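Heads up, entry_29.cif below (mmCIF, C-alpha atoms):
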```
data_model
loop_
_atom_site.group_PDB
_atom_site.id
_atom_site.type_symbol
_atom_site.label_atom_id
_atom_site.label_comp_id
_atom_site.auth_asym_id
_atom_site.auth_seq_id
_atom_site.Cartn_x
_atom_site.Cartn_y
_atom_site.Cartn_z
ATOM 1 C CA MET L 477 185.530 -116.162 60.822
ATOM 2 C CA SER L 478 181.806 -115.833 60.034
ATOM 3 C CA SER L 479 180.774 -114.068 56.847
ATOM 4 C CA ASN L 480 177.918 -112.507 58.813
ATOM 5 C CA LEU L 481 180.220 -110.358 60.931
ATOM 6 C CA HIS L 482 179.798 -106.609 60.739
ATOM 7 C CA THR L 483 181.420 -103.746 62.603
ATOM 8 C CA LEU L 484 179.430 -101.739 65.126
ATOM 9 C CA PRO L 485 180.276 -99.008 67.611
ATOM 10 C CA LEU L 486 179.561 -100.330 71.108
ATOM 11 C CA PHE L 487 178.012 -98.439 74.004
ATOM 12 C CA PRO L 488 178.871 -100.260 77.255
ATOM 13 C CA LEU L 489 176.226 -99.573 79.907
ATOM 14 C CA ASN L 490 175.092 -100.806 83.297
ATOM 15 C CA THR L 491 171.803 -101.983 81.824
ATOM 16 C CA VAL L 492 170.367 -104.497 79.358
ATOM 17 C CA ILE L 493 167.998 -103.912 76.450
ATOM 18 C CA PHE L 494 166.277 -106.610 74.396
ATOM 19 C CA PRO L 495 165.050 -106.531 70.801
ATOM 20 C CA GLY L 496 161.759 -104.645 70.795
ATOM 21 C CA GLY L 497 162.701 -102.571 73.832
ATOM 22 C CA ALA L 498 163.324 -98.860 74.279
ATOM 23 C CA LEU L 499 165.998 -97.152 76.344
ATOM 24 C CA PRO L 500 166.211 -93.377 76.921
ATOM 25 C CA LEU L 501 169.830 -92.200 77.172
ATOM 26 C CA ARG L 502 171.541 -88.924 78.089
ATOM 27 C CA ILE L 503 174.611 -88.412 75.927
ATOM 28 C CA PHE L 504 177.424 -86.133 77.073
ATOM 29 C CA GLU L 505 180.815 -87.759 76.412
ATOM 30 C CA PRO L 506 182.390 -86.555 73.132
ATOM 31 C CA ARG L 507 183.003 -90.109 71.866
ATOM 32 C CA TYR L 508 179.305 -90.975 72.231
ATOM 33 C CA LEU L 509 178.121 -87.643 70.833
ATOM 34 C CA ASP L 510 180.244 -88.366 67.759
ATOM 35 C CA MET L 511 178.901 -91.932 67.643
ATOM 36 C CA VAL L 512 175.293 -90.734 67.701
ATOM 37 C CA LYS L 513 175.945 -88.177 64.948
ATOM 38 C CA GLU L 514 177.625 -90.840 62.811
ATOM 39 C CA CYS L 515 174.784 -93.327 63.369
ATOM 40 C CA MET L 516 172.130 -90.767 62.456
ATOM 41 C CA ARG L 517 174.057 -89.420 59.465
ATOM 42 C CA ASN L 518 174.595 -92.872 57.965
ATOM 43 C CA ASN L 519 171.399 -94.515 59.253
ATOM 44 C CA HIS L 520 173.122 -97.373 61.049
ATOM 45 C CA GLY L 521 172.907 -98.747 64.538
ATOM 46 C CA PHE L 522 175.155 -99.300 67.521
ATOM 47 C CA GLY L 523 175.477 -102.073 70.050
ATOM 48 C CA ILE L 524 174.517 -101.844 73.708
ATOM 49 C CA THR L 525 176.363 -104.308 75.901
ATOM 50 C CA LEU L 526 176.458 -104.759 79.650
ATOM 51 C CA ILE L 527 179.633 -103.744 81.474
ATOM 52 C CA LYS L 528 181.108 -106.456 83.677
ATOM 53 C CA ASN L 529 181.673 -105.449 87.312
ATOM 54 C CA GLY L 530 179.805 -102.197 86.741
ATOM 55 C CA LYS L 531 182.793 -100.137 85.610
ATOM 56 C CA GLU L 532 183.761 -99.092 82.099
ATOM 57 C CA THR L 533 187.459 -99.355 81.319
ATOM 58 C CA GLY L 534 187.273 -99.717 77.543
ATOM 59 C CA SER L 535 189.018 -103.056 77.880
ATOM 60 C CA VAL L 536 188.042 -105.955 75.696
ATOM 61 C CA ALA L 537 187.365 -108.242 78.645
ATOM 62 C CA ASN L 538 185.115 -105.819 80.500
ATOM 63 C CA VAL L 539 181.898 -106.276 78.480
ATOM 64 C CA TYR L 540 179.670 -109.290 77.998
ATOM 65 C CA LYS L 541 179.745 -110.998 74.602
ATOM 66 C CA THR L 542 175.970 -110.895 74.087
ATOM 67 C CA GLY L 543 174.341 -107.516 73.552
ATOM 68 C CA THR L 544 171.715 -105.832 71.400
ATOM 69 C CA GLU L 545 172.015 -103.822 68.209
ATOM 70 C CA CYS L 546 169.934 -100.664 68.521
ATOM 71 C CA ARG L 547 168.770 -97.828 66.308
ATOM 72 C CA ILE L 548 168.067 -94.198 67.177
ATOM 73 C CA ASP L 549 164.639 -92.881 66.228
ATOM 74 C CA ASP L 550 164.060 -90.096 68.733
ATOM 75 C CA TRP L 551 166.391 -87.369 69.912
ATOM 76 C CA GLU L 552 166.043 -84.050 71.702
ATOM 77 C CA THR L 553 168.021 -81.419 73.557
ATOM 78 C CA LEU L 554 167.279 -81.938 77.238
ATOM 79 C CA PRO L 555 166.606 -79.074 79.695
ATOM 80 C CA ASP L 556 170.157 -79.454 81.063
ATOM 81 C CA GLY L 557 171.540 -78.968 77.542
ATOM 82 C CA LEU L 558 172.565 -82.589 77.058
ATOM 83 C CA LEU L 559 171.517 -84.693 74.082
ATOM 84 C CA GLY L 560 168.704 -87.112 74.811
ATOM 85 C CA ILE L 561 168.112 -90.105 72.547
ATOM 86 C CA THR L 562 165.908 -93.177 72.668
ATOM 87 C CA ALA L 563 167.582 -96.408 71.610
ATOM 88 C CA TYR L 564 165.305 -99.090 70.204
ATOM 89 C CA GLY L 565 166.509 -102.689 70.362
ATOM 90 C CA GLU L 566 166.546 -104.474 67.014
ATOM 91 C CA SER L 567 168.451 -107.759 67.307
ATOM 92 C CA ARG L 568 170.659 -109.618 69.733
ATOM 93 C CA ILE L 569 174.301 -109.730 68.778
ATOM 94 C CA HIS L 570 177.308 -111.837 69.662
ATOM 95 C CA ILE L 571 180.506 -109.815 69.967
ATOM 96 C CA GLU L 572 183.417 -111.707 68.441
ATOM 97 C CA ASN L 573 186.205 -109.138 68.811
ATOM 98 C CA THR L 574 186.580 -105.613 70.116
ATOM 99 C CA HIS L 575 189.104 -102.826 69.779
ATOM 100 C CA VAL L 576 189.326 -99.299 71.139
ATOM 101 C CA GLN L 577 189.665 -96.405 68.695
ATOM 102 C CA THR L 578 191.918 -93.418 69.321
ATOM 103 C CA ASP L 579 188.856 -91.443 70.496
ATOM 104 C CA GLN L 580 188.265 -94.226 73.087
ATOM 105 C CA LEU L 581 185.118 -95.486 71.339
ATOM 106 C CA LEU L 582 184.794 -99.252 71.666
ATOM 107 C CA MET L 583 184.195 -100.985 68.326
ATOM 108 C CA GLY L 584 183.065 -104.564 67.878
ATOM 109 C CA GLU L 585 183.041 -107.219 65.196
ATOM 110 C CA VAL L 586 179.586 -108.648 65.807
ATOM 111 C CA GLU L 587 177.240 -111.262 64.451
ATOM 112 C CA SER L 588 173.442 -110.950 64.617
ATOM 113 C CA LEU L 589 171.843 -113.850 66.473
ATOM 114 C CA GLU L 590 168.844 -115.633 65.031
ATOM 115 C CA GLU L 591 165.720 -115.268 67.121
ATOM 116 C CA ASP L 592 163.180 -118.010 67.757
ATOM 117 C CA SER L 593 159.701 -117.013 66.623
ATOM 118 C CA ASP L 594 157.684 -115.685 69.533
ATOM 119 C CA LYS L 595 155.178 -118.009 71.190
ATOM 120 C CA GLU L 596 151.808 -117.486 72.813
ATOM 121 C CA LEU L 597 152.109 -116.584 76.493
ATOM 122 C CA PRO L 598 151.272 -119.688 78.571
ATOM 123 C CA GLU L 599 148.429 -119.158 81.048
ATOM 124 C CA GLU L 600 150.689 -119.841 84.020
ATOM 125 C CA PHE L 601 152.434 -116.496 83.365
ATOM 126 C CA GLU L 602 149.230 -114.445 83.439
ATOM 127 C CA GLU L 603 150.269 -112.768 86.710
ATOM 128 C CA MET L 604 153.445 -111.540 85.007
ATOM 129 C CA ARG L 605 151.458 -110.147 82.065
ATOM 130 C CA ILE L 606 149.193 -108.174 84.414
ATOM 131 C CA LEU L 607 152.201 -106.842 86.345
ATOM 132 C CA LEU L 608 153.848 -105.716 83.100
ATOM 133 C CA GLN L 609 150.717 -103.899 81.941
ATOM 134 C CA ASN L 610 150.539 -102.060 85.260
ATOM 135 C CA ILE L 611 154.230 -101.082 85.114
ATOM 136 C CA ILE L 612 154.012 -99.764 81.551
ATOM 137 C CA THR L 613 150.829 -97.821 82.333
ATOM 138 C CA GLN L 614 152.631 -96.151 85.244
ATOM 139 C CA ILE L 615 155.917 -95.303 83.518
ATOM 140 C CA GLY L 616 154.431 -94.137 80.215
ATOM 141 C CA LYS L 617 156.977 -93.095 77.603
ATOM 142 C CA PRO L 618 158.788 -94.554 75.806
ATOM 143 C CA TYR L 619 157.269 -97.955 76.615
ATOM 144 C CA ILE L 620 153.667 -96.839 76.222
ATOM 145 C CA ASN L 621 154.489 -96.022 72.577
ATOM 146 C CA LEU L 622 155.887 -99.466 71.741
ATOM 147 C CA PRO L 623 153.758 -101.964 69.822
ATOM 148 C CA ALA L 624 152.295 -104.061 72.642
ATOM 149 C CA HIS L 625 152.304 -107.872 72.502
ATOM 150 C CA TYR L 626 151.000 -108.890 75.919
ATOM 151 C CA ASP L 627 149.925 -112.242 74.488
ATOM 152 C CA LYS L 628 153.496 -113.191 73.496
ATOM 153 C CA ALA L 629 155.997 -114.970 75.760
ATOM 154 C CA GLY L 630 159.075 -113.275 74.340
ATOM 155 C CA TRP L 631 157.679 -109.766 74.507
ATOM 156 C CA VAL L 632 156.404 -110.103 78.082
ATOM 157 C CA GLY L 633 159.637 -111.696 79.307
ATOM 158 C CA ALA L 634 161.862 -109.128 77.607
ATOM 159 C CA ARG L 635 159.924 -106.084 78.805
ATOM 160 C CA LEU L 636 159.717 -107.338 82.410
ATOM 161 C CA THR L 637 163.444 -108.095 82.419
ATOM 162 C CA GLU L 638 164.203 -104.571 81.196
ATOM 163 C CA LEU L 639 161.874 -102.831 83.627
ATOM 164 C CA LEU L 640 162.192 -104.739 86.902
ATOM 165 C CA PRO L 641 164.975 -103.734 89.330
ATOM 166 C CA LEU L 642 166.816 -107.038 88.987
ATOM 167 C CA GLN L 643 170.580 -107.375 89.248
ATOM 168 C CA SER L 644 172.300 -106.661 85.935
ATOM 169 C CA ALA L 645 173.939 -110.105 85.880
ATOM 170 C CA ILE L 646 170.493 -111.729 86.093
ATOM 171 C CA LYS L 647 169.234 -109.580 83.223
ATOM 172 C CA GLN L 648 172.283 -110.551 81.179
ATOM 173 C CA ARG L 649 171.687 -114.275 81.770
ATOM 174 C CA LEU L 650 168.091 -113.838 80.632
ATOM 175 C CA LEU L 651 169.223 -111.971 77.498
ATOM 176 C CA GLU L 652 171.456 -114.927 76.623
ATOM 177 C CA ILE L 653 168.554 -117.442 76.705
ATOM 178 C CA ASN L 654 167.189 -118.188 73.228
ATOM 179 C CA ASP L 655 163.908 -119.906 74.103
ATOM 180 C CA HIS L 656 161.263 -117.350 75.107
ATOM 181 C CA VAL L 657 159.295 -119.693 77.393
ATOM 182 C CA VAL L 658 162.450 -121.008 79.091
ATOM 183 C CA ARG L 659 163.408 -117.355 79.713
ATOM 184 C CA LEU L 660 160.017 -116.792 81.370
ATOM 185 C CA TYR L 661 160.572 -119.699 83.755
ATOM 186 C CA HIS L 662 163.975 -118.325 84.792
ATOM 187 C CA LEU L 663 162.534 -114.818 85.109
ATOM 188 C CA LYS L 664 159.676 -116.079 87.259
ATOM 189 C CA GLU L 665 162.171 -117.759 89.599
ATOM 190 C CA ALA L 666 164.107 -114.500 89.959
ATOM 191 C CA MET L 667 160.891 -112.541 90.514
ATOM 192 C CA GLN L 668 159.805 -114.953 93.261
ATOM 193 C CA GLU L 669 163.231 -114.779 94.902
ATOM 194 C CA PHE L 670 163.078 -110.970 95.015
ATOM 195 C CA LYS L 671 159.385 -110.970 96.018
ATOM 196 C CA PHE L 672 158.080 -109.246 92.864
ATOM 197 C CA ILE L 673 155.312 -111.852 92.661
#
```
Kindly transcribe the structure held in the file into structure tokens.
Amino acid sequence: MSSNLHTLPLFPLNTVIFPGGALPLRIFEPRYLDMVKECMRNNHGFGITLIKNGKETGSVANVYKTGTECRIDDWETLPDGLLGITAYGESRIHIENTHVQTDQLLMGEVESLEEDSDKELPEEFEEMRILLQNIITQIGKPYINLPAHYDKAGWVGARLTELLPLQSAIKQRLLEINDHVVRLYHLKEAMQEFKFI
């Protein structure tokens, strides 16, 4: 067992977030309201992991093993009375083991994954950079408030993966790729297949 393992509450979702990304969430289930309070009280994060087959069962086998540890910086009471938070991706994680607490919150023993240093965006991906700038300009918050790195391969690939309406399984495969430029090549293939470029 790795000495780098730590325990995190896990939030299984039908979406993928990368390190450096932002994800607005509406919180209403008691287990996740309690999780958010605990995270904010003790200044620790939680893991977001993609649900397999699109349905949450709380079972160990129903989430992918690679996810992202996130922190909460922004929260508000929404007009419908629900709690709104923004999760900010910090680091990719590998989930070694999971168990379900009595309150049905999924907990994971996770290890943070080392990230390759980001590389300059190769010129051949300029069309993707321009598309990303246009998308972020249109959607505004919270992405417009993120530190922008349009010249970096990892940042461009991660933000496009988060924002484009690709299948969740494709986004998950891209999250699992370590090399930022290799991820861009795979993303470009998917974008061409779905006629985004």
Practice task
Pull out every residue that the PyMOL selection byres ((chain L and resi 561) around 7) matches in the shown coordinates and put them as a PyMOL selection string.
Solution key: chain L and resi 500-502+548+550-552+559-560+562-563
Give me, as a Markdown table, the closest atom pair and its distance (Å, one decimal) for every residue of segment 597-661 of chain L within a cut-off of 10 Å of segment 566-577 of chain L, counting all atoms listed in the file, rows sorted by chain and rising number.
```
| residue | atom | partner | partner_atom | distance |
| --- | --- | --- | --- | --- |
| L:Leu651 | CA | L:Arg568 | CA | 8.2 |
| L:Glu652 | CA | L:Arg568 | CA | 8.7 |
| L:Asn654 | CA | L:Arg568 | CA | 9.9 |
```
Can you tell me, as lines of an AutoDock Vina configuration file, the centre and edge lengths (Å, one decimal) of the axis-aligned box enclosing all of segment 627-636 of chain L's listed atoms after padding each side by 5 Å?
```
center_x = 155.9
center_y = -110.5
center_z = 78.0
size_x = 21.9
size_y = 18.9
size_z = 18.9
```
Practice task
Enumerate, as JSON, numbers by chain, the residues matched when the PyMOL selection byres ((chain L and resi 496) around 9) is run on the file above.
Solution key: {"L": [493, 494, 495, 497, 498, 564, 565, 566, 567, 622, 623, 631, 634, 635]}
Save out the residues we just selected, C-alpha atoms, as a PDB file, keeping the file's coordinate frame.
```
ATOM      1  CA  ILE L 493     167.998-103.912  76.450  1.00  0.00           C
ATOM      2  CA  PHE L 494     166.277-106.610  74.396  1.00  0.00           C
ATOM      3  CA  PRO L 495     165.050-106.531  70.801  1.00  0.00           C
ATOM      4  CA  GLY L 497     162.701-102.571  73.832  1.00  0.00           C
ATOM      5  CA  ALA L 498     163.324 -98.860  74.279  1.00  0.00           C
ATOM      6  CA  TYR L 564     165.305 -99.090  70.204  1.00  0.00           C
ATOM      7  CA  GLY L 565     166.509-102.689  70.362  1.00  0.00           C
ATOM      8  CA  GLU L 566     166.546-104.474  67.014  1.00  0.00           C
ATOM      9  CA  SER L 567     168.451-107.759  67.307  1.00  0.00           C
ATOM     10  CA  LEU L 622     155.887 -99.466  71.741  1.00  0.00           C
ATOM     11  CA  PRO L 623     153.758-101.964  69.822  1.00  0.00           C
ATOM     12  CA  TRP L 631     157.679-109.766  74.507  1.00  0.00           C
ATOM     13  CA  ALA L 634     161.862-109.128  77.607  1.00  0.00           C
ATOM     14  CA  ARG L 635     159.924-106.084  78.805  1.00  0.00           C
TER      15      ARG L 635
END
```
Exercise for the section: Find the distance between atom CA of Leu486 of chain L and atom CA of Gly523 of chain L and write it in Å to one decimal. Expected result: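 Computing it gives 4.6 Å between the two atoms.
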